[in-house]
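Asks: Quick one: the structure is below, questions incoming.
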Amino acid sequence: MGTQDAPAKAGTTRHFRVWRGDETGGDLTDYQVQVNEGEVVLDVIHRLQATEAPDLACRWNCKAGKCGSCSMEINGMPRLGCMTRMSTFDEAETVTITPLRTFPVIRDLVTDVSFNYEKARETPAFAPPTDLAPGEYRMQQLDVERSQEFRKCIECFLCQNTCHVVRDHEENKPAFSGPRYFIRAAELDMHPLDTKTDRKEYAQASQGLGYCNITKCCTEVCPEHIKITDNAIIPMKERVVDRRYDPLVWLGSKIFRRGQSEVEQTPHDPDQINAAHSHAGGSHGATAEAEAERGVHWGRQVPQPQAPAVDSRGRLPISEFTFDKPAAPSPFGDDVTFPIPAQDLNYAHPKQPEQKD
Ligand code: SF4
Ligand code: SF4
Ligand code: FES
């Protein structure tokens with residue numbers, strides 16, 4: 001009371017390029033939009049809808065980074081529109097907004113993310129002990145806290161969109177559930193009351209855990225800062241490796257898992273093992289491997305993900321576990337900083353130009 005509000009800072013007019021189109025194709029449209037202090041990209045989209053582009057389609061709900069609806073690619077980086085401040089960008093910078101590339105476009109910035117719901121349905125649900133009624137479950141606080149990190153997921157699917165295994169490889173989608181469902185598997189695997197003891201094996205055999213070469217790009221884009229790779233994927237991979245290669249663990253698992261559901265039979269033929277594990281955690285065939293080698297097409301040269309070398313028995317050298325960057329370099333490239341300049345963006349979504357080998 002008594003004090004006068006400071007006069008609002010006049011807005012500036014900024015240049016935006018927004019992808020407009022549908023499943024048949026589309027292109028970037030240029031707009032000059034007023035931007036005011038403190039605004040986020042979603043505010044600008046709302047201003048566009050209120051002024052010159054009333055038919056611009058965009059999904060959103062909470063405008064607070066909690067519903068996971070407003071996922072989009074802003075200057076090439078998968079982000080939430082409501083959590084990306086306009087002050088992130090230089091005043092003279094063009095801001096390019098495109099839909100998530102991994103999922104089919106419905107219209108403008110809205111994509112069909114039902115791939116994720118299918119994968120959610122395929123993931124076996126929490127299986128509490130049958131001899132306990134709801135309300136009788138007891139857990140140590142330590143166990144609650146371990147899985148709490150994964151419960152923060154807002155299902156924005158930015159990690160799913162970023163993962164190079166499916167980003168440019170539609171053919172991998174049937175066999176690969178993606179990082180969001182790896183954290184679900186890890187969460188249940190750590191849950192002391194979950195009676196399904198084959199979560200890791202299921203992740204390896206049915207969710208395509210072996211396709212992941214721990215590039216950490218999913219972790220890089222997660223708005224909830226969930227350490228997807230370090231805290232979910234790598235521990236599961238390590239335990240799968242233990243199960244497969246430690247003879248005592250393998251023998252014990254065969255004895256003690258009798259009578260429980262087994263989702264995967266460990267191959268006994270060494271050739272089969274080598275074929276299935278041509279690199280760390282890898283379980284895909286030669287064609288899929290060649291495809292993976294081609295890496296991500298960002299419209300510019302980026303380092304190709306390389307699987308770490310393994311010895312004749314398919315084992316990783318110990319240095320792989322101590323090196324600060326396990327496995328492959330980030331497909332974003334270690335030398336790339338965000339936002340990516342507009343001229344370097346590959347925005348030909350949803351149809352990608354032919355890749356040159
Ligand atoms: S670490 Fe890389 S390959 Fe593995 S799930 Fe995440 S984005 Fe995909
Ligand atoms: S893990 Fe993170 S990036 Fe992936 S869906 Fe959940 S909140 Fe989004
Ligand atoms: S609108 Fe809900 S996360 Fe952006």
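Every chain in the structure tokens has a letter given in the order shown (A, B, ...), and although residue numbers restart at 1 in each chain, ligands are simply numbered from 1 in the order shown.
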With a distance cut-off of 7 Å and only C-alpha atoms, select the neighbouring residues of region 221-225 of chain A, excluding the residue or stretch itself and same-chain residues fewer than 2 positions from it, and output the selection as number ranges by chain.
Replies: A: 78-79, 152-153, 158-159, 217-219, 227
Asks: Take the selection from the previous step and output its residues with C-alpha atoms, as a compact mmCIF listing (two decimals), in the first residue's frame.
Replies:
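Now in again23.txt:
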```txt
# COMPACT_ATOMS: atom_id res chain seq x y z
CA PRO A 78 13.27 -30.48 -26.41
CA ARG A 79 11.74 -28.36 -23.64
CA LYS A 152 8.51 -37.09 -9.92
CA CYS A 153 8.03 -37.92 -13.60
CA LEU A 158 10.79 -35.16 -23.60
CA CYS A 159 13.12 -38.03 -22.74
CA CYS A 217 20.53 -37.29 -23.47
CA CYS A 218 17.29 -38.31 -21.75
CA THR A 219 18.72 -37.10 -18.45
CA LYS A 227 18.90 -38.91 -13.17
```
Asks: Using only C-alpha atoms and all ligand atoms, which protein or nucleic acid residues are at most 10 Å from ligand 3, as a compact mmCIF listing (two decimals) with N, CA and C atoms, in the first residue's frame?
Replies:
```
# COMPACT_ATOMS: atom_id res chain seq x y z
N VAL A 41 7.89 -19.00 -23.29
CA VAL A 41 7.54 -19.27 -24.70
C VAL A 41 6.04 -19.54 -24.84
N LEU A 42 5.45 -20.22 -23.85
CA LEU A 42 4.02 -20.51 -23.96
C LEU A 42 3.19 -19.22 -23.96
N CYS A 58 -1.71 -26.03 -30.08
CA CYS A 58 -0.66 -26.25 -29.07
C CYS A 58 -1.32 -26.88 -27.85
N ARG A 59 -0.67 -27.91 -27.29
CA ARG A 59 -1.25 -28.57 -26.11
C ARG A 59 -0.65 -27.95 -24.84
N TRP A 60 -1.47 -27.63 -23.87
CA TRP A 60 -0.97 -27.13 -22.59
C TRP A 60 -2.07 -27.30 -21.56
N ASN A 61 -1.72 -27.22 -20.30
CA ASN A 61 -2.71 -27.33 -19.24
C ASN A 61 -2.40 -26.48 -18.02
N CYS A 62 -1.23 -26.71 -17.41
CA CYS A 62 -1.01 -26.12 -16.08
C CYS A 62 -0.23 -24.82 -16.13
N LYS A 63 0.58 -24.65 -17.12
CA LYS A 63 1.51 -23.49 -17.21
C LYS A 63 2.37 -23.38 -15.96
N ALA A 64 2.69 -24.53 -15.39
CA ALA A 64 3.50 -24.53 -14.17
C ALA A 64 4.51 -25.67 -14.18
N GLY A 65 4.74 -26.28 -15.34
CA GLY A 65 5.74 -27.34 -15.42
C GLY A 65 5.34 -28.61 -14.70
N LYS A 66 4.05 -28.84 -14.55
CA LYS A 66 3.63 -30.01 -13.79
C LYS A 66 2.74 -30.98 -14.55
N CYS A 67 2.15 -30.56 -15.66
CA CYS A 67 1.24 -31.48 -16.35
C CYS A 67 1.94 -32.22 -17.48
N GLY A 68 3.05 -31.68 -17.95
CA GLY A 68 3.81 -32.34 -19.01
C GLY A 68 3.19 -32.23 -20.40
N SER A 69 2.26 -31.29 -20.59
CA SER A 69 1.56 -31.21 -21.88
C SER A 69 2.30 -30.39 -22.92
N CYS A 70 3.01 -29.34 -22.49
CA CYS A 70 3.47 -28.34 -23.46
C CYS A 70 4.85 -28.67 -24.01
N SER A 71 5.17 -29.94 -24.16
CA SER A 71 6.48 -30.33 -24.69
C SER A 71 6.58 -29.91 -26.15
N MET A 72 7.71 -29.34 -26.50
CA MET A 72 7.96 -28.90 -27.87
C MET A 72 9.47 -28.78 -28.06
N ARG A 79 11.97 -29.09 -24.90
CA ARG A 79 11.74 -28.36 -23.64
C ARG A 79 10.25 -28.19 -23.39
N LEU A 80 9.91 -27.77 -22.18
CA LEU A 80 8.54 -27.38 -21.87
C LEU A 80 8.37 -25.90 -22.24
N GLY A 81 7.33 -25.59 -23.02
CA GLY A 81 7.10 -24.19 -23.41
C GLY A 81 6.84 -23.30 -22.21
N CYS A 82 6.18 -23.86 -21.17
CA CYS A 82 5.81 -23.03 -20.03
C CYS A 82 6.97 -22.82 -19.07
N MET A 83 8.07 -23.53 -19.27
CA MET A 83 9.20 -23.38 -18.36
C MET A 83 10.41 -22.80 -19.07
N THR A 84 10.21 -22.31 -20.28
CA THR A 84 11.33 -21.74 -21.03
C THR A 84 11.15 -20.23 -21.08
N ILE A 154 6.65 -36.30 -14.80
CA ILE A 154 5.38 -35.64 -15.17
C ILE A 154 4.89 -36.12 -16.53
N GLU A 155 5.54 -37.14 -17.07
CA GLU A 155 5.14 -37.73 -18.36
C GLU A 155 5.06 -36.67 -19.46
N CYS A 156 6.11 -35.89 -19.53
CA CYS A 156 6.18 -34.90 -20.61
C CYS A 156 6.70 -35.55 -21.89
N PRO A 223 12.84 -32.26 -17.37
CA PRO A 223 12.55 -31.04 -16.61
C PRO A 223 12.46 -31.29 -15.11
```
Asks: Please return as a ChimeraX atom specification: the residues of region 168-215 of chain A that backbone DSSP assigns to alpha helix (DSSP H).
Replies: /A:179-189,199-205
Asks: Determine the nearest neighbour of Ile106 (chain A) from the options A:Gly178, A:Gly25, A:Gly38, A:Gly76, counting only C-alpha atoms.
Replies: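 Counting only C-alpha atoms, the residue closest to Ile106 (chain A) is A:Gly25.
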Asks: Please provide the set of residues having any atom within 7 Å of region 129-146 of chain A, restricted to only C-alpha atoms, with same-chain residues fewer than 4 positions apart removed, written as an NGL selection string.
Replies: :A and (191 or 193 or 195)
Asks: Using only C-alpha atoms and all ligand atoms, which residues of the polymer chains come no farther than 7 Å from ligand 1? I'd like the answer as a VMD selection string.
Replies: chain A and resid 159 162 to 165 178 to 179 211 to 219 229
Asks: CA of Val35 (chain A) to CA of Ala57 (chain A): how many Å, to one decimal?
Replies: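 Computing the Euclidean distance for CA of Val35 (chain A) and CA of Ala57 (chain A) yields 19.7 Å.
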Asks: Which residues are close to Ser206 (chain A), i.e. within 10 Å by only C-alpha atoms, leaving aside same-chain residues fewer than 4 positions away? Reply as JSON, numbers by chain.
Replies: {"A": [122, 123, 174, 175, 176, 177, 200, 201, 202, 210, 263, 264]}
Asks: Kindly save the residues from that selection, with N, CA and C atoms included, as a compact mmCIF listing (two decimals), in the first residue's frame.
Replies:
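Resulting contents of again.txt:
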```txt
# COMPACT_ATOMS: atom_id res chain seq x y z
N GLU A 122 1.99 -51.91 -21.70
CA GLU A 122 2.77 -53.15 -21.79
C GLU A 122 3.57 -53.42 -20.51
N THR A 123 3.87 -52.36 -19.76
CA THR A 123 4.71 -52.53 -18.56
C THR A 123 3.91 -53.21 -17.46
N PRO A 174 8.65 -50.70 -31.91
CA PRO A 174 7.99 -51.88 -31.31
C PRO A 174 8.83 -52.54 -30.23
N ALA A 175 10.17 -52.50 -30.36
CA ALA A 175 11.03 -53.24 -29.44
C ALA A 175 11.59 -52.38 -28.31
N PHE A 176 11.26 -51.09 -28.28
CA PHE A 176 11.94 -50.19 -27.34
C PHE A 176 10.91 -49.35 -26.58
N SER A 177 10.91 -49.49 -25.27
CA SER A 177 9.93 -48.74 -24.48
C SER A 177 10.39 -47.32 -24.17
N LYS A 200 14.24 -56.51 -14.14
CA LYS A 200 15.42 -56.24 -14.95
C LYS A 200 15.41 -57.09 -16.20
N GLU A 201 15.09 -58.36 -16.00
CA GLU A 201 15.08 -59.28 -17.13
C GLU A 201 14.00 -58.86 -18.13
N TYR A 202 12.88 -58.40 -17.59
CA TYR A 202 11.81 -57.95 -18.47
C TYR A 202 12.27 -56.72 -19.25
N GLY A 210 18.64 -53.13 -23.85
CA GLY A 210 19.92 -53.30 -24.53
C GLY A 210 20.17 -52.29 -25.64
N VAL A 263 10.84 -64.31 -18.01
CA VAL A 263 10.54 -63.66 -19.28
C VAL A 263 11.62 -63.91 -20.31
N GLU A 264 12.74 -64.49 -19.83
CA GLU A 264 13.83 -64.64 -20.79
C GLU A 264 14.66 -65.86 -20.45
```
Asks: Which of region 4-140 of chain A end up as strand (DSSP E or B) when DSSP is run on this backbone - answer as a PyMOL selection string?
Replies: chain A and resi 12-22+25-35+40+71-74+77-80+85+95-98+105-107+110-111
Asks: To one decimal place in Å, what is the distance between CA of Arg101 (chain A) and CA of Asp22 (chain A)?
Replies: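 CA of Asp22 (chain A) lies 12.7 Å from CA of Arg101 (chain A).
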Asks: Calculate how many Å separate CA of Pro124 (chain A) from CA of Ala185 (chain A), rounding to one decimal.
Replies: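 Result for CA of Pro124 (chain A) versus CA of Ala185 (chain A): 8.7 Å, one decimal.
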Asks: Could you pull the residues within 10 Å of Ala186 (chain A), counting only C-alpha atoms, minus those fewer than 4 positions along the same chain, as JSON, numbers by chain?
Replies: {"A": [147, 150, 181, 182, 190, 191, 199, 200, 203, 228, 231, 232, 233, 234, 235, 236]}
Asks: Using only C-alpha atoms, which residues sit within 9 Å of region 91-100 of chain A once same-chain residues fewer than 3 positions away are excluded, as a VMD selection string?
Replies: chain A and resid 12 to 20 28 41 71 to 76 78 86 to 87 103 to 105 107 to 111 158 161 to 162 339 341 to 342 345 347 349 to 350
Asks: Tell me which of A:Thr24, A:Thr102, A:Gln160, A:Thr88 sits closest to Val40 (chain A), counting only C-alpha atoms.
Replies: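 Closest candidate: A:Thr88.
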